[in-house]
Each structure stands twice: as structure tokens, then as C-alpha cells.
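**Student:** Below is the structure I would like to discuss, written out as C-alpha cells.
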Amino acid sequence: MAKDSLLDDLNEPQRQAVTHIGNPLLVLAGAGSGKTRVITTKFAYMVKRKRFSPHSILAVTFTNRASDEMKERTKGLINCDTKNLWIGTFHSQCNRILRKEIHHLGFKHNFTIYDEDDQCTLIRQILKELNIYEALYKNIASRISILKASLVTPDKFLSQGDGFSFDEKIAKVYVRYQDELKRAEALDFDDLIMFTVRLFTEHPKVLERYRKQFEYVLIDEFQDTNHAQYMLANIIVGKDGNFCAVGDDDQSIYKFRGANVGNIHRLKADHSRLKIIKLEQNYRSTKNIINVSSKVIQGNASRSEKTLWTENECGEKVCYCLFNNEEEEAKHVARTIKDLYLKGFYEYSDMAILYRINLQAKAIEDGLREASIPYTIFNGISFYNRREIKDVIAYLKLILNPHDNVSLRRVLNVPPRGIGISAINKIEQEAKRNSTSLYTVIKQIISSNNSFTSSIKDKLSSFVNTIDDLIGNSQKTASDIMRAVVNKTNYLETLEDERVQNVIELINSSEGISLQAFLDKTALMSGFETSNNCNSVSMMTLHGAKGLEFSVVFLVGLEEGILPYCKALEDAADMEEERRLFYVGMTRAKERLYMSSVRRRKLYSKVQERQPSRFINDVPKDCCNWMEKTVSPTVQTEKPSTSNTVNISFDIGCRVKHPSWGVGIVRECCGNGDTAKVVVNFPGIGIKKLIAGLANLERISV
DNA sequence: CGAATTGAGTTTTTT
DNA sequence: ACTCAATTCG
């Protein structure tokens, strides 16, 4: 085989990364260097050229988005049976393993997955019981989460702590929390990883089976792995294993979630034969953008040296603007977007506005709305986080696992059944005394003499009957069960129209899936919907933009206190992460990059004087259009919408009629009257350049 | 038990 | 400013 068509379109390091099999491999893949292509090609190469079974490759990603893309592209490259491939997120792979094996750890196979909300609910309740200041629940939840991500058990934590005060309290909560999870037969996200590690550590025979099955392990976004994930991969792979880790330490932005960039460097220590391949050619961005972002990221001390370069053209200069306030900033962004759009350079969907914190979206949104620019805000609050969706899902969880106390508490009085706080508290105490689940204890209460009034007993009994009835139907499909839930509980009757629609959408989306499969899917989904099929400008946080690319990118709010964020000012490591965040933002841009800061920003209803971000100092001026003006059109046009309107003419944005092409919108215009040269976009026909007089263009009033 | 009022806390959030 | 949640009243 002289030449391999699979490898034709790869550059040399990419080809090496694909074909290097048999020794541990770390691919340091710079932004836009064709990482996904390498991973998918490698998968296909191993299957088609090296006779790996597609089922013997464990491919792990962090996001569903990445895993979907990988599945999709891999299926396009190999044409064998692609059902049940081991391509998925860390959590979904662990879930898949645990659903089969968790009995080794004393849990039932129908365990429930607690999401962040459930986790917080449970922790708050524990804090209440332990008389710890409840408002700390978020803090404590995240501390516990990071402990688990570091494979630190409560005991271990206690023994290594200072033995005083707060850590001790956290350990106490941690112990209780794990007890409660066990009682409810529930695992949180961190448990999915931690338990799988435990499973493999404590049950070598099980591990052996999986080691045999997985001949190769591929890990994407390796810089984002936490300790538990690192150990998991390490255990499956074994000492001299076949694996390939792909990552970019410059894009590590999830330290606050327990991600440990150090894992990249640790690989070298743990695998002496580790081969390192750098992908440094960027296919995404212009030279100017690469130059600027490279310069900025060099400001970080701790990074593995990597120099991005590109054969792409220089392109437009990067723009930086300093405004007086966020309104000006927003107006300018809006004006620039409109201009680029009307000129026919870009569709709205080619453009994105990125910011550090969601709060910044407000001002930008106002600016875009003012300019009638369509936009979509992508924020973390997903469909599955809506109250009505969570309520319905809580019923489903309860049906599959009646001991799920968090879900029970959620729906016990939803819709209102007259079971109030005092009743719930009493049930709670009773359950604690018998150390059993709420569901079990409610059944006992109903059928015994006690201090509960008969009216409450009736209500409880009606609730339990409903649930038991539904449990009897738990073999039906998820959508059927949901229909039964809303029918039996009259849940929809208390809801506003919009929420009812959401529930109906949920039901329709789950046709033909089993209850367990549906719950797994929704639990492991959550978050960022990035389907950008409508032609609108995308707005999202810098974190949300990771892994995406846009022709035009606006980075707004580049100020001390915003980026870098105020809470990161103290800590050098945090500061480096802020810089990486900036870097991730810049490297999302393919062709044009606009950056801006403001002098005064209103935040939490206080106007604050602000300094431009320190990172701006590292932007090389020769790649850049620099403006510190109050009013400033960045894109150099003749301001046509105002200057050309003296005569009756064809303004940008106005509607015109052509004898054969019909009605279109003027995107560009030069000159007046019959001699005007105009560029018109005719919907369904395309963009046409015309001389107004010759083409018999008529202007239509708006 | 449910509605109204008061109060605290405001980053990022792959799963 | 604004949200979300806990306390307080009817």
C-alpha cells in the first residue's frame, strides 16, 4: 500500500499522530489545528488499516457535543457496524459500565443520577440538620465535588485536614452526603467517575474484563481531566498501554471545576515511552489573529512551549476599541455587525459576541435589539433545567427508584396536595428514626396508628397509590409513562401555557425510549444547546465558546475586574486561567476579531471606573487597529446610511424592486440616482451587483 | 397551608 | 438592579 487515502489530507504531524500506535501518545493540539480530524481519522485508521475492532476502542470526550461530532464523523469514515461504539463522555461511559457492574459496589442497577440541583438540594438539607450556615451550600457542594474529583474520601480528607473548624465541618457534611446518596440509591456526577475507579481498583477481575475489551483508549480535551478521570484512564490502560491523549494546555479553563492541567505533564512522568506530537499549524484563523493571540498567551509562564503558525492570509487587522460605557460598546458592536451583514460579507450566524460573565449580555442585547439584529443567547440554563421539566423528570426518577428522596420531596406536594412543610418534617424525622427512605416510611405511616391526622394520611395514601400505580407501568416507554404521570396527577392544570408546551415537547421527544434510557440521557445531557440553525448572532460566555468557531468574533468587556475577573486578581494560577480564557476567545475567530473595553461600567447598579485589561497590553499594535474614541465606527465605511441619504437614493438596508428578480434588500451602495452602483440581496435568488438605472430598480418605501 | 414581604448575594459551569 | 429564597403574616 503505497499511499493511504485516509491520510492524504493530513499534514505531517497529523499523520504521525494518526499512525503512531503501540506506545503511549500525547498530542498537543493547538487551537484550530485539526484536532477532531486527527482523532476521528485515527479511529478510522485503526479500524480499517490496523484491524482493531471498532468496539475495542474506548474514545472519551467531555461534552456531548464533542462526542456526537466524533460519532458522526467516525461513522462517515468507517462502514462497519457503528451501533454501540464506545464513543462518549466520561460520564456516559462510566454510567454504561456501572449500570452493568455496580452490584459489585453494593448498589442497585437502577440507581438514580443526581444532577447539580439535586446535589445542592441534598446538601442544603444536610446543612440544615447539622446546623451549619445554610447559605454556604454552594461553596460546600463545590468543595465536596472537587474532593471527589480528586478521589479524596471523607476519611482521607479528615486525616489530612488541619483538624479544625471548617474543614472538619465539610468532612461531616461529606460523610452525611454520601450516606444520604446511598440511602437514596443515587450517584452524583462525580460518583459516576469515582465509583468506576473504585470498581476497577477493588475488583480486579472486572477490570481485567474491560482491559481485555479495550485495546486502545483515546481521550479528547485531556487538559480538562480531573484527577479521578486521569486515574480512570490510567487504570484501564495499564502501565504500557495503548492510548492517545489529545489536548491543549493553553485552553484549560475549567480549573474551578477540578480540572487539572498538570495531568498533561504528569503523563510524561507516568509513561516513560510517551511520545509527544505537537500540532502547531492552524487552519482556522488569519495570520493577524494568530499573531495577536500567540503573543497574548505567551504571557503565561507555565505552559508547554508551542508555536502556532498558519498559511492563511494576514486578513483584516484585529480591532481594539476603548469606549466610555457599555452602551457605547454595545452600539458599536451592533453597528459593526449590521455593516458587515449589509455589505454581504457575513451572515448573522457567522458572528459571535463573547463575554466573561452572563451579566454583560444585557447591555449587548439592548444594543442589538435597538438595531433589529437577530441574536441568540446561549446560556447554561437549558431546557432540562426548567421547573416543569424537572418536576416531570422527578416523577420518572421516583417511578424507577422510589427511594430517591430528593425527587420524592420535590413532587410530594407538586401539584399541591395539601402536604405542607410540617407534614414533610414529621415524615422526615420518622424516616431518620427508622433509617429508611421517605417512600417506605410514608407507607408505614399510612398503615399504622400514629400522630398523623387521618386527613394527611388520606393525602399521603393517595400519593403513594398514584406512584405505585405508575411503577406498575414502568415497563412502558418514557413518553407513555409521562403521559400517565400528567394524567394521574393533573400536573398540567396548574401550569402556565408556555410550561405546558414545554412538557408536551418533552413527552414528544421521548417516543419509544425506555424509562432508564430516557433518564440517563436527560441526566447526562443538560446545559449548552448549541444548535444555531437560525440566522442570528450568537452570544455566549467565553467558557461556552470553547470548541466553537466563528468568522467574526467580538470580545467585549476586556477590563480589569471583568477579564481578568475580580476574584482572580489575587491568585497567580487563577490569573493564568483568565489569560487562557482570553486566548480561547481570540482563537475562536476565523477572519475578524473585534475587542473592546469601557472606561465606566455599571455593575450591580453601581457605576465603576475601569481600566483596560492587562492582557490588552500584550496585544501587538502592528496587527491591530487601535481606537480610543468616544464615537467610533470601526469598519471603515463612508457611513453610507447617513451621508448618502441627501439625494433620494438607495440606502443600505432599503428595499428595492427589480423587474425580474422581485423585491430585494440593498446591502451596499455607491453613488446616487440612476448611476448608483448597488449590491442587492434578492431572497432565493442571491446577491446581485447592479447599476440602478440600467436595471430599472425601483425603491420601495418601508 | 399559601401569599406577601424582606433580605442577601451576586463567575465561569463540559457532566 | 435584580433574582431567588426564607421568613412572616393572613
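Starting from 1 in every chain, residues are counted up; chains themselves are A, B, ... following the order of the C-alpha cells, and ligands are numbered from 1 as listed.
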Once you count only C-alpha atoms (C1' of nucleotides), which residues of chain C turn out to be within 12 Å of chain A? Could you give them as an MDAnalysis selection string?

**Tutor:** chainID C and resid 1:3 5:6

**Student:** Stretch 38-159 of chain A: which residues are strand (DSSP E or B) by DSSP, as a list of chain:residue names?

**Tutor:** A:Ile57, A:Leu58, A:Ala59, A:Val60, A:Thr61, A:Ile87, A:Gly88, A:Thr89, A:Thr112, A:Ile113, A:Tyr114

**Student:** Any chance you could export the current selection's C-alpha atoms as a PDB file, in the first residue's frame?

**Tutor:**
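The resulting out-v8.pdb:
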```
ATOM      1  CA  ILE A  57     -11.551   1.455  21.115  1.00  0.00           C
ATOM      2  CA  LEU A  58     -12.655   3.479  24.085  1.00  0.00           C
ATOM      3  CA  ALA A  59     -12.981   7.087  22.994  1.00  0.00           C
ATOM      4  CA  VAL A  60     -13.704   9.621  25.674  1.00  0.00           C
ATOM      5  CA  THR A  61     -14.770  13.239  25.356  1.00  0.00           C
ATOM      6  CA  ILE A  87     -17.560   6.766  21.953  1.00  0.00           C
ATOM      7  CA  GLY A  88     -18.924   9.029  24.643  1.00  0.00           C
ATOM      8  CA  THR A  89     -18.346  11.385  27.512  1.00  0.00           C
ATOM      9  CA  THR A 112     -30.550   7.356  40.135  1.00  0.00           C
ATOM     10  CA  ILE A 113     -28.216  10.048  38.851  1.00  0.00           C
ATOM     11  CA  TYR A 114     -28.315  13.271  40.838  1.00  0.00           C
TER      12      TYR A 114
END
```

**Student:** Tell me, as a PyMOL selection string, which residues lie within 8 Å of B:DT11, counting only C-alpha atoms (C1' of nucleotides); anything in the same chain fewer than 4 positions away does not count.

**Tutor:** chain A and resi 356-357+565

**Student:** Taking only C-alpha atoms (C1' of nucleotides) into account, report as a list of chain:residue names which residues of chain B lie within 9 Å of chain A.

**Tutor:** B:DC1, B:DT10, B:DT11, B:DT12, B:DT13, B:DT14, B:DT15

**Student:** Using only C-alpha atoms (C1' of nucleotides), determine which residues lie at most 10 Å from B:DT5, disregarding the query and same-chain residues fewer than 6 positions distant; provide the list as a list in words.

**Tutor:**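 Listing them by chain and then by number gives DT7, DT8 and DC9 of chain C.
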
**Student:** Using DSSP on the backbone, list every residue of stretch 284-490 of chain A that comes out as helix (DSSP H, G or I), and give them as an MDAnalysis selection string.

**Tutor:** chainID A and resid 287:297 326:342 348:350 358:370 383:385 387:400 405:411 421:434 438:446 454:472 478:489

**Student:** Can you pull out every residue within 7 Å of stretch 146-156 of chain A, counting only C-alpha atoms (C1' of nucleotides), but drop anything in the same chain fewer than 2 positions away, and send it as JSON, numbers by chain?

**Tutor:** {"A": [142, 143, 144, 158, 159, 160, 171, 174, 175, 190, 194, 226, 227, 228, 257, 258]}

**Student:** What's the separation between atom CA of A:Trp626 and atom CA of A:Ala363, in Å to one decimal place?

**Tutor:**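 A separation of 22.7 Å between them.
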
**Student:** Report the distance between atom CA of A:Asp248 and atom CA of A:Glu591 in Å, rounded to one decimal place.

**Tutor:**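 We find that atom CA of A:Asp248 and atom CA of A:Glu591 lie 21.9 Å from each other.
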
**Student:** Just to confirm, what's the straight-line distance from atom CA of A:Ile277 to atom CA of A:Met46 in Å (one decimal)?

**Tutor:**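 Between atom CA of A:Ile277 and atom CA of A:Met46 the gap works out to 17.9 Å.
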